[in-house]
Amino acid sequence: MMISMSTRSRRVPHHTILLAAIILSAAAAMMALVPFEIPLTRFVSAHRVNWFVELMGDSMFELEQPGGGDLVVIFLIVSVLLYIGSSLVDTDCSRWPVIPRLQRALLVRPMICDALRRHRLRLEFLLVSSFCCSILMVKTLKWIMARPRPKRILFGGEPFSNWYEFGPYFLDHGLYRASFPSGHAALAITLIGLAYVVIYSGSWYRRPARGTLLLLLILVFAAAMATARIMSIAHWPTDVAFSLFGGWLLIHCLFFYGLRVASVQGDSYRYRGQTDIPPAWRAFRLCGYLSLLCLAVVMMVLGLRHFFFDHWPWLVLSIFVAVPLFAYAWRRVCREGLFCHAR
């Protein structure tokens with residue numbers, strides 16, 4: 001009996017095994033794709049399926065036909081609205097002219113208020129993880145790496161650069177054209193946060209079979225988006241691979257270690273409980289502080305990079321702004337309880 005209990009106590013948690021699997025898969029994929037970037041891109045783009053590329057690339061939010069990305073945008077809009085409602089029920093809105101009416105409309109429905117309050121941590125996770133994955137991760141790396149898109153290399157004659165190398169773009173070249181990583185693929189993989197909530201969060205929420213099926217469907221959808229981006233010659237294979245694995249890794253860490261939506265006891269997961277409800281509006285504060293953190297990183301890297309590359313060397317002065325900005329943002333993020341024990 002003592003031996004079995006000791007063995008069980010030494011068992012590696014499931015989420016740690018999954019974390020290691022994601023990291024190893026990401027490293028293997030990024031290394032394996034490097035020698036075949038150009039030929040694989042040529043092959044996939046040569047077998048382009050026009051209706052598929054248009055379906056995954058169009059968006060009714062850009063005044064186009066409905067597309068695959070609209071599913072994620074609608075999910076994000078619903079998550080934001082629900083989170084606003086969850087925070088609104090615990091906020092003093094007497095100073096605002098219109099918001100009290102919305103608050104009163106919620107408060108007269110106690111069951112809805114209670115549900116929004118209990119699910120605030122889940123909604124906060126969906127909001128913060130989506131923002132970090134689809135915006136902060138993508139924009140930060142685009143500005144730092146500045147990798148040319150395949151069209152610029154295959155048809156424009158620009159020099160090729162691997163995903164781990166600095167590209168030729170700079171501020172005066174328009175960094176929005178950078179290829180690494182793929183924003184569309186990162187946006188698609190944000191849905192995996194919903195699968196984590198279904199699988200691991202809450203008592204009646206624990207539906208492993210349904211959650212696993214949802215997870216597989218989301219991975220298929222994200223892979224389809226990644227394939228469409230390569231077909232359209234908008235991204236290299238490593239661009240989309242990094243977005244898929246990097247976004248998944250980021251969401252996994254935020255769920256289990258950052259916001260700690262599920263507390264771990266051996267191999268079982270349980271919701272932290274109604275008494276552990278995060279403060280209202282914390283998700284928006286975290287997104288703001290994390291944006292400052294990423295901005296500081298970009299300023300430091302650009303200053304160092306172009307000082308050594310003799311391109312606008314005066315940008316090294318931005319480091320003196322970036323360091324205190326990074327320290328301030330990091331302290332605020334820790335004070336809000338992200339990746340810290342104190343909430």
# chains A, B, ... in the order shown; residues from 1 in each chain; ligands from 1

$ residues_around --residues "stretch 217-231 of chain A" --least-positions-apart "2" --cutoff "8 Å" --atoms "only C-alpha atoms" --output "VMD selection string"
chain A and resid 41 44 to 49 52 to 53 56 to 57 68 184 to 185 188 to 189 191 to 192 213 to 215 233 to 237 240 to 241 244

$ write_last_selection --atoms "N, CA, C and O atoms" --output "compact mmCIF listing (two decimals), in the first residue's frame"
# COMPACT_ATOMS: atom_id res chain seq x y z
N THR A 41 7.03 25.12 -50.34
CA THR A 41 6.15 26.24 -50.65
C THR A 41 5.77 26.24 -52.13
O THR A 41 4.60 26.48 -52.49
N VAL A 44 3.19 23.27 -52.68
CA VAL A 44 1.85 23.51 -52.15
C VAL A 44 1.14 24.60 -52.96
O VAL A 44 -0.05 24.48 -53.28
N SER A 45 1.86 25.67 -53.29
CA SER A 45 1.24 26.75 -54.07
C SER A 45 0.90 26.31 -55.49
O SER A 45 -0.06 26.80 -56.09
N ALA A 46 1.67 25.35 -56.04
CA ALA A 46 1.37 24.84 -57.38
C ALA A 46 0.08 24.03 -57.40
O ALA A 46 -0.55 23.87 -58.45
N HIS A 47 -0.31 23.49 -56.27
CA HIS A 47 -1.54 22.71 -56.15
C HIS A 47 -2.62 23.53 -55.44
O HIS A 47 -3.42 22.99 -54.68
N ARG A 48 -2.64 24.79 -55.71
CA ARG A 48 -3.59 25.71 -55.08
C ARG A 48 -5.02 25.34 -55.45
O ARG A 48 -5.33 25.03 -56.61
N VAL A 49 -5.90 25.38 -54.45
CA VAL A 49 -7.34 25.18 -54.66
C VAL A 49 -7.99 26.54 -54.40
O VAL A 49 -8.09 26.98 -53.24
N PHE A 52 -10.84 27.02 -51.85
CA PHE A 52 -10.40 26.76 -50.48
C PHE A 52 -9.61 27.94 -49.93
O PHE A 52 -9.82 28.37 -48.79
N VAL A 53 -8.72 28.49 -50.75
CA VAL A 53 -7.92 29.64 -50.32
C VAL A 53 -8.82 30.84 -50.06
O VAL A 53 -8.65 31.57 -49.07
N MET A 56 -10.87 30.35 -46.72
CA MET A 56 -10.11 30.54 -45.50
C MET A 56 -9.55 31.95 -45.36
O MET A 56 -9.22 32.38 -44.26
N GLY A 57 -9.47 32.68 -46.46
CA GLY A 57 -8.88 34.02 -46.41
C GLY A 57 -9.88 35.15 -46.31
O GLY A 57 -9.57 36.21 -45.77
N GLY A 68 -13.41 31.44 -43.24
CA GLY A 68 -13.10 30.60 -42.10
C GLY A 68 -12.69 31.38 -40.88
O GLY A 68 -13.00 30.99 -39.74
N HIS A 184 -2.91 34.61 -39.39
CA HIS A 184 -4.12 33.82 -39.62
C HIS A 184 -4.06 32.48 -38.88
O HIS A 184 -5.05 32.05 -38.28
N ALA A 185 -2.90 31.81 -38.94
CA ALA A 185 -2.77 30.53 -38.24
C ALA A 185 -2.83 30.72 -36.73
O ALA A 185 -3.42 29.89 -36.02
N ALA A 188 -6.40 31.14 -35.71
CA ALA A 188 -7.16 29.89 -35.74
C ALA A 188 -6.88 29.03 -34.51
O ALA A 188 -7.79 28.39 -33.96
N ILE A 189 -5.64 29.02 -34.04
CA ILE A 189 -5.29 28.13 -32.92
C ILE A 189 -5.78 28.69 -31.60
O ILE A 189 -5.79 27.95 -30.58
N LEU A 191 -8.70 29.07 -30.72
CA LEU A 191 -9.88 28.30 -30.33
C LEU A 191 -9.54 27.13 -29.42
O LEU A 191 -10.42 26.57 -28.77
N ILE A 192 -8.26 26.76 -29.38
CA ILE A 192 -7.88 25.62 -28.56
C ILE A 192 -8.08 25.92 -27.08
O ILE A 192 -8.23 25.01 -26.25
N LEU A 213 -12.82 15.62 -28.81
CA LEU A 213 -13.37 15.79 -30.16
C LEU A 213 -13.27 17.24 -30.61
O LEU A 213 -12.89 17.54 -31.75
N LEU A 214 -13.61 18.18 -29.69
CA LEU A 214 -13.49 19.59 -30.01
C LEU A 214 -12.05 19.97 -30.30
O LEU A 214 -11.76 20.74 -31.24
N LEU A 215 -11.13 19.42 -29.52
CA LEU A 215 -9.71 19.69 -29.73
C LEU A 215 -9.26 19.23 -31.11
O LEU A 215 -8.54 19.95 -31.83
N ILE A 233 0.77 31.61 -51.08
CA ILE A 233 2.15 32.12 -51.11
C ILE A 233 2.28 33.33 -50.20
O ILE A 233 3.06 34.25 -50.47
N ALA A 234 1.53 33.35 -49.12
CA ALA A 234 1.61 34.43 -48.15
C ALA A 234 2.55 34.11 -47.00
O ALA A 234 3.03 35.02 -46.32
N HIS A 235 2.80 32.80 -46.77
CA HIS A 235 3.64 32.41 -45.65
C HIS A 235 4.46 31.17 -46.01
O HIS A 235 4.05 30.36 -46.85
N TRP A 236 5.59 31.04 -45.32
CA TRP A 236 6.41 29.83 -45.40
C TRP A 236 5.86 28.77 -44.45
O TRP A 236 5.13 29.10 -43.50
N PRO A 237 6.21 27.51 -44.67
CA PRO A 237 5.74 26.45 -43.75
C PRO A 237 6.13 26.67 -42.29
O PRO A 237 5.36 26.38 -41.39
N VAL A 240 3.71 29.18 -40.40
CA VAL A 240 2.44 28.65 -39.88
C VAL A 240 2.70 27.60 -38.80
O VAL A 240 1.92 27.49 -37.84
N ALA A 241 3.79 26.83 -38.93
CA ALA A 241 4.09 25.82 -37.91
C ALA A 241 4.39 26.49 -36.57
O ALA A 241 3.93 26.04 -35.51
N LEU A 244 1.12 27.71 -34.99
CA LEU A 244 0.29 26.64 -34.42
C LEU A 244 0.88 26.13 -33.11
O LEU A 244 0.20 26.07 -32.08

$ closest_residue --among "A:Val316, A:Ala296, A:Leu290, A:Ala186" --to "A:Ser134" --atoms "only C-alpha atoms"
A:Ala186

$ closest_residue --among "A:Phe61, A:Arg260, A:Ile277, A:Val301" --to "A:Phe339" --atoms "only C-alpha atoms"
A:Arg260

$ atom_distance --atom1 "atom CA of A:Phe75" --atom2 "atom CA of A:Val138"
19.0 Å

$ closest_residue --among "A:Ala28, A:Val128, A:Val198, A:Leu33" --to "A:Leu259" --atoms "only C-alpha atoms"
A:Val128

$ residues_around --residues "stretch 142-147 of chain A" --least-positions-apart "3" --cutoff "6 Å" --atoms "only C-alpha atoms" --output "list in words"
Lys139, Phe166, Gly167, Tyr169, Leu175, Ala178, Ser179 and Phe180 of chain A

$ residues_around --residues "A:Cys133" --least-positions-apart "3" --cutoff "7 Å" --atoms "only C-alpha atoms" --output "PDB file with N, CA, C and O atoms, in the first residue's frame"
ATOM      1  N   SER A 129      -5.676  34.839 -23.328  1.00  0.00           N
ATOM      2  CA  SER A 129      -4.935  33.905 -24.184  1.00  0.00           C
ATOM      3  C   SER A 129      -5.126  34.241 -25.658  1.00  0.00           C
ATOM      4  O   SER A 129      -4.170  34.160 -26.445  1.00  0.00           O
ATOM      5  N   SER A 130      -6.327  34.622 -26.052  1.00  0.00           N
ATOM      6  CA  SER A 130      -6.574  34.988 -27.446  1.00  0.00           C
ATOM      7  C   SER A 130      -5.795  36.242 -27.816  1.00  0.00           C
ATOM      8  O   SER A 130      -5.207  36.326 -28.907  1.00  0.00           O
ATOM      9  N   LEU A 136      -0.262  39.799 -29.613  1.00  0.00           N
ATOM     10  CA  LEU A 136       1.042  40.113 -29.033  1.00  0.00           C
ATOM     11  C   LEU A 136       2.150  39.225 -29.600  1.00  0.00           C
ATOM     12  O   LEU A 136       3.205  39.722 -29.997  1.00  0.00           O
ATOM     13  N   MET A 137       1.943  37.923 -29.615  1.00  0.00           N
ATOM     14  CA  MET A 137       2.969  37.020 -30.133  1.00  0.00           C
ATOM     15  C   MET A 137       3.280  37.328 -31.589  1.00  0.00           C
ATOM     16  O   MET A 137       4.452  37.398 -32.002  1.00  0.00           O
ATOM     17  N   ALA A 186      -2.230  31.788 -36.219  1.00  0.00           N
ATOM     18  CA  ALA A 186      -2.291  32.058 -34.781  1.00  0.00           C
ATOM     19  C   ALA A 186      -3.720  32.360 -34.347  1.00  0.00           C
ATOM     20  O   ALA A 186      -4.155  31.951 -33.263  1.00  0.00           O
ATOM     21  N   THR A 190      -6.227  29.944 -31.543  1.00  0.00           N
ATOM     22  CA  THR A 190      -6.758  30.484 -30.285  1.00  0.00           C
ATOM     23  C   THR A 190      -7.987  29.719 -29.808  1.00  0.00           C
ATOM     24  O   THR A 190      -8.279  29.706 -28.607  1.00  0.00           O
ATOM     25  N   GLY A 247       1.460  29.156 -30.503  1.00  0.00           N
ATOM     26  CA  GLY A 247       0.196  29.585 -29.919  1.00  0.00           C
ATOM     27  C   GLY A 247      -0.360  28.562 -28.948  1.00  0.00           C
ATOM     28  O   GLY A 247      -0.865  28.918 -27.870  1.00  0.00           O
ATOM     29  N   LEU A 250       1.656  28.711 -25.743  1.00  0.00           N
ATOM     30  CA  LEU A 250       1.319  29.898 -24.963  1.00  0.00           C
ATOM     31  C   LEU A 250      -0.007  29.722 -24.232  1.00  0.00           C
ATOM     32  O   LEU A 250      -0.129  30.050 -23.043  1.00  0.00           O
TER      33      LEU A 250
END

$ atom_distance --atom1 "atom CA of A:Cys113" --atom2 "atom CA of A:Ile251"
27.0 Å

$ decode --residues "stretch 51-65 of chain A" --atoms "all heavy atoms" --output "short mmCIF file (atom, residue, chain, number, x, y, z; two decimals), in the first residue's frame"
data_model
loop_
_atom_site.label_atom_id
_atom_site.label_comp_id
_atom_site.auth_asym_id
_atom_site.auth_seq_id
_atom_site.Cartn_x
_atom_site.Cartn_y
_atom_site.Cartn_z
N TRP A 51 -11.02 27.94 -54.43
CA TRP A 51 -12.18 28.12 -53.55
C TRP A 51 -11.79 27.93 -52.08
O TRP A 51 -12.32 28.60 -51.19
CB TRP A 51 -13.31 27.17 -53.93
CG TRP A 51 -13.01 25.71 -53.68
CD1 TRP A 51 -12.51 24.81 -54.57
CD2 TRP A 51 -13.17 25.00 -52.44
NE1 TRP A 51 -12.35 23.58 -53.98
CE2 TRP A 51 -12.76 23.66 -52.67
CE3 TRP A 51 -13.64 25.35 -51.18
CZ2 TRP A 51 -12.80 22.69 -51.67
CZ3 TRP A 51 -13.67 24.39 -50.17
CH2 TRP A 51 -13.27 23.07 -50.43
N PHE A 52 -10.84 27.02 -51.85
CA PHE A 52 -10.40 26.76 -50.48
C PHE A 52 -9.61 27.94 -49.93
O PHE A 52 -9.82 28.37 -48.79
CB PHE A 52 -9.56 25.49 -50.46
CG PHE A 52 -8.93 25.18 -49.13
CD1 PHE A 52 -9.70 24.81 -48.04
CD2 PHE A 52 -7.55 25.27 -48.97
CE1 PHE A 52 -9.12 24.54 -46.82
CE2 PHE A 52 -6.96 24.98 -47.75
CZ PHE A 52 -7.75 24.61 -46.67
N VAL A 53 -8.72 28.49 -50.75
CA VAL A 53 -7.92 29.64 -50.32
C VAL A 53 -8.82 30.84 -50.06
O VAL A 53 -8.65 31.57 -49.07
CB VAL A 53 -6.86 29.98 -51.38
CG1 VAL A 53 -6.14 31.28 -51.04
CG2 VAL A 53 -5.86 28.85 -51.51
N GLU A 54 -9.80 31.06 -50.92
CA GLU A 54 -10.72 32.19 -50.73
C GLU A 54 -11.59 31.99 -49.49
O GLU A 54 -11.87 32.94 -48.76
CB GLU A 54 -11.58 32.37 -51.98
CG GLU A 54 -10.79 32.80 -53.22
CD GLU A 54 -11.66 32.85 -54.45
OE1 GLU A 54 -12.88 32.57 -54.33
OE2 GLU A 54 -11.14 33.19 -55.52
N LEU A 55 -12.04 30.75 -49.27
CA LEU A 55 -12.87 30.47 -48.11
C LEU A 55 -12.13 30.76 -46.81
O LEU A 55 -12.69 31.36 -45.88
CB LEU A 55 -13.33 29.02 -48.15
CG LEU A 55 -14.12 28.52 -46.92
CD1 LEU A 55 -15.44 29.27 -46.80
CD2 LEU A 55 -14.35 27.02 -46.99
N MET A 56 -10.87 30.35 -46.72
CA MET A 56 -10.11 30.54 -45.50
C MET A 56 -9.55 31.95 -45.36
O MET A 56 -9.22 32.38 -44.26
CB MET A 56 -8.96 29.54 -45.44
CG MET A 56 -9.38 28.08 -45.52
SD MET A 56 -10.62 27.60 -44.28
CE MET A 56 -9.70 27.76 -42.76
N GLY A 57 -9.47 32.68 -46.46
CA GLY A 57 -8.88 34.02 -46.41
C GLY A 57 -9.88 35.15 -46.31
O GLY A 57 -9.57 36.21 -45.77
N ASP A 58 -11.09 34.97 -46.82
CA ASP A 58 -12.09 36.03 -46.81
C ASP A 58 -12.66 36.24 -45.40
O ASP A 58 -12.61 35.34 -44.55
CB ASP A 58 -13.24 35.71 -47.77
CG ASP A 58 -12.82 35.83 -49.22
OD1 ASP A 58 -11.76 36.45 -49.47
OD2 ASP A 58 -13.53 35.32 -50.10
N SER A 59 -13.21 37.42 -45.19
CA SER A 59 -13.83 37.74 -43.91
C SER A 59 -14.93 38.76 -44.14
O SER A 59 -14.71 39.79 -44.78
CB SER A 59 -12.80 38.27 -42.91
OG SER A 59 -13.43 38.72 -41.73
N MET A 60 -16.10 38.49 -43.59
CA MET A 60 -17.19 39.45 -43.71
C MET A 60 -16.92 40.69 -42.88
O MET A 60 -17.54 41.74 -43.11
CB MET A 60 -18.51 38.80 -43.28
CG MET A 60 -18.58 38.37 -41.83
SD MET A 60 -20.16 37.57 -41.46
CE MET A 60 -19.94 37.19 -39.71
N PHE A 61 -16.00 40.62 -41.93
CA PHE A 61 -15.63 41.79 -41.14
C PHE A 61 -14.72 42.72 -41.92
O PHE A 61 -14.44 43.83 -41.48
CB PHE A 61 -14.96 41.36 -39.85
CG PHE A 61 -15.86 40.59 -38.93
CD1 PHE A 61 -15.84 39.21 -38.91
CD2 PHE A 61 -16.77 41.25 -38.11
CE1 PHE A 61 -16.68 38.49 -38.07
CE2 PHE A 61 -17.61 40.55 -37.26
CZ PHE A 61 -17.57 39.16 -37.24
N GLU A 62 -14.23 42.28 -43.08
CA GLU A 62 -13.46 43.12 -43.97
C GLU A 62 -14.24 43.40 -45.25
O GLU A 62 -13.66 43.67 -46.30
CB GLU A 62 -12.12 42.44 -44.31
CG GLU A 62 -11.23 42.24 -43.09
CD GLU A 62 -9.94 41.53 -43.42
OE1 GLU A 62 -9.75 41.16 -44.61
OE2 GLU A 62 -9.11 41.34 -42.51
N LEU A 63 -15.56 43.33 -45.14
CA LEU A 63 -16.49 43.60 -46.25
C LEU A 63 -16.25 42.64 -47.42
O LEU A 63 -16.34 43.03 -48.59
CB LEU A 63 -16.36 45.06 -46.71
CG LEU A 63 -16.60 46.12 -45.62
CD1 LEU A 63 -16.45 47.52 -46.20
CD2 LEU A 63 -17.98 45.95 -44.99
N GLU A 64 -15.94 41.40 -47.09
CA GLU A 64 -15.76 40.35 -48.09
C GLU A 64 -16.80 39.26 -47.85
O GLU A 64 -17.70 39.41 -47.02
CB GLU A 64 -14.34 39.77 -48.01
CG GLU A 64 -13.25 40.78 -48.25
CD GLU A 64 -11.87 40.21 -47.99
OE1 GLU A 64 -11.77 39.21 -47.27
OE2 GLU A 64 -10.89 40.78 -48.50
N GLN A 65 -16.66 38.17 -48.58
CA GLN A 65 -17.54 37.03 -48.36
C GLN A 65 -17.20 36.37 -47.01
O GLN A 65 -16.07 36.47 -46.54
CB GLN A 65 -17.37 36.00 -49.49
CG GLN A 65 -17.81 36.50 -50.85
CD GLN A 65 -19.30 36.76 -50.91
OE1 GLN A 65 -20.09 36.05 -50.28
NE2 GLN A 65 -19.69 37.77 -51.67
#
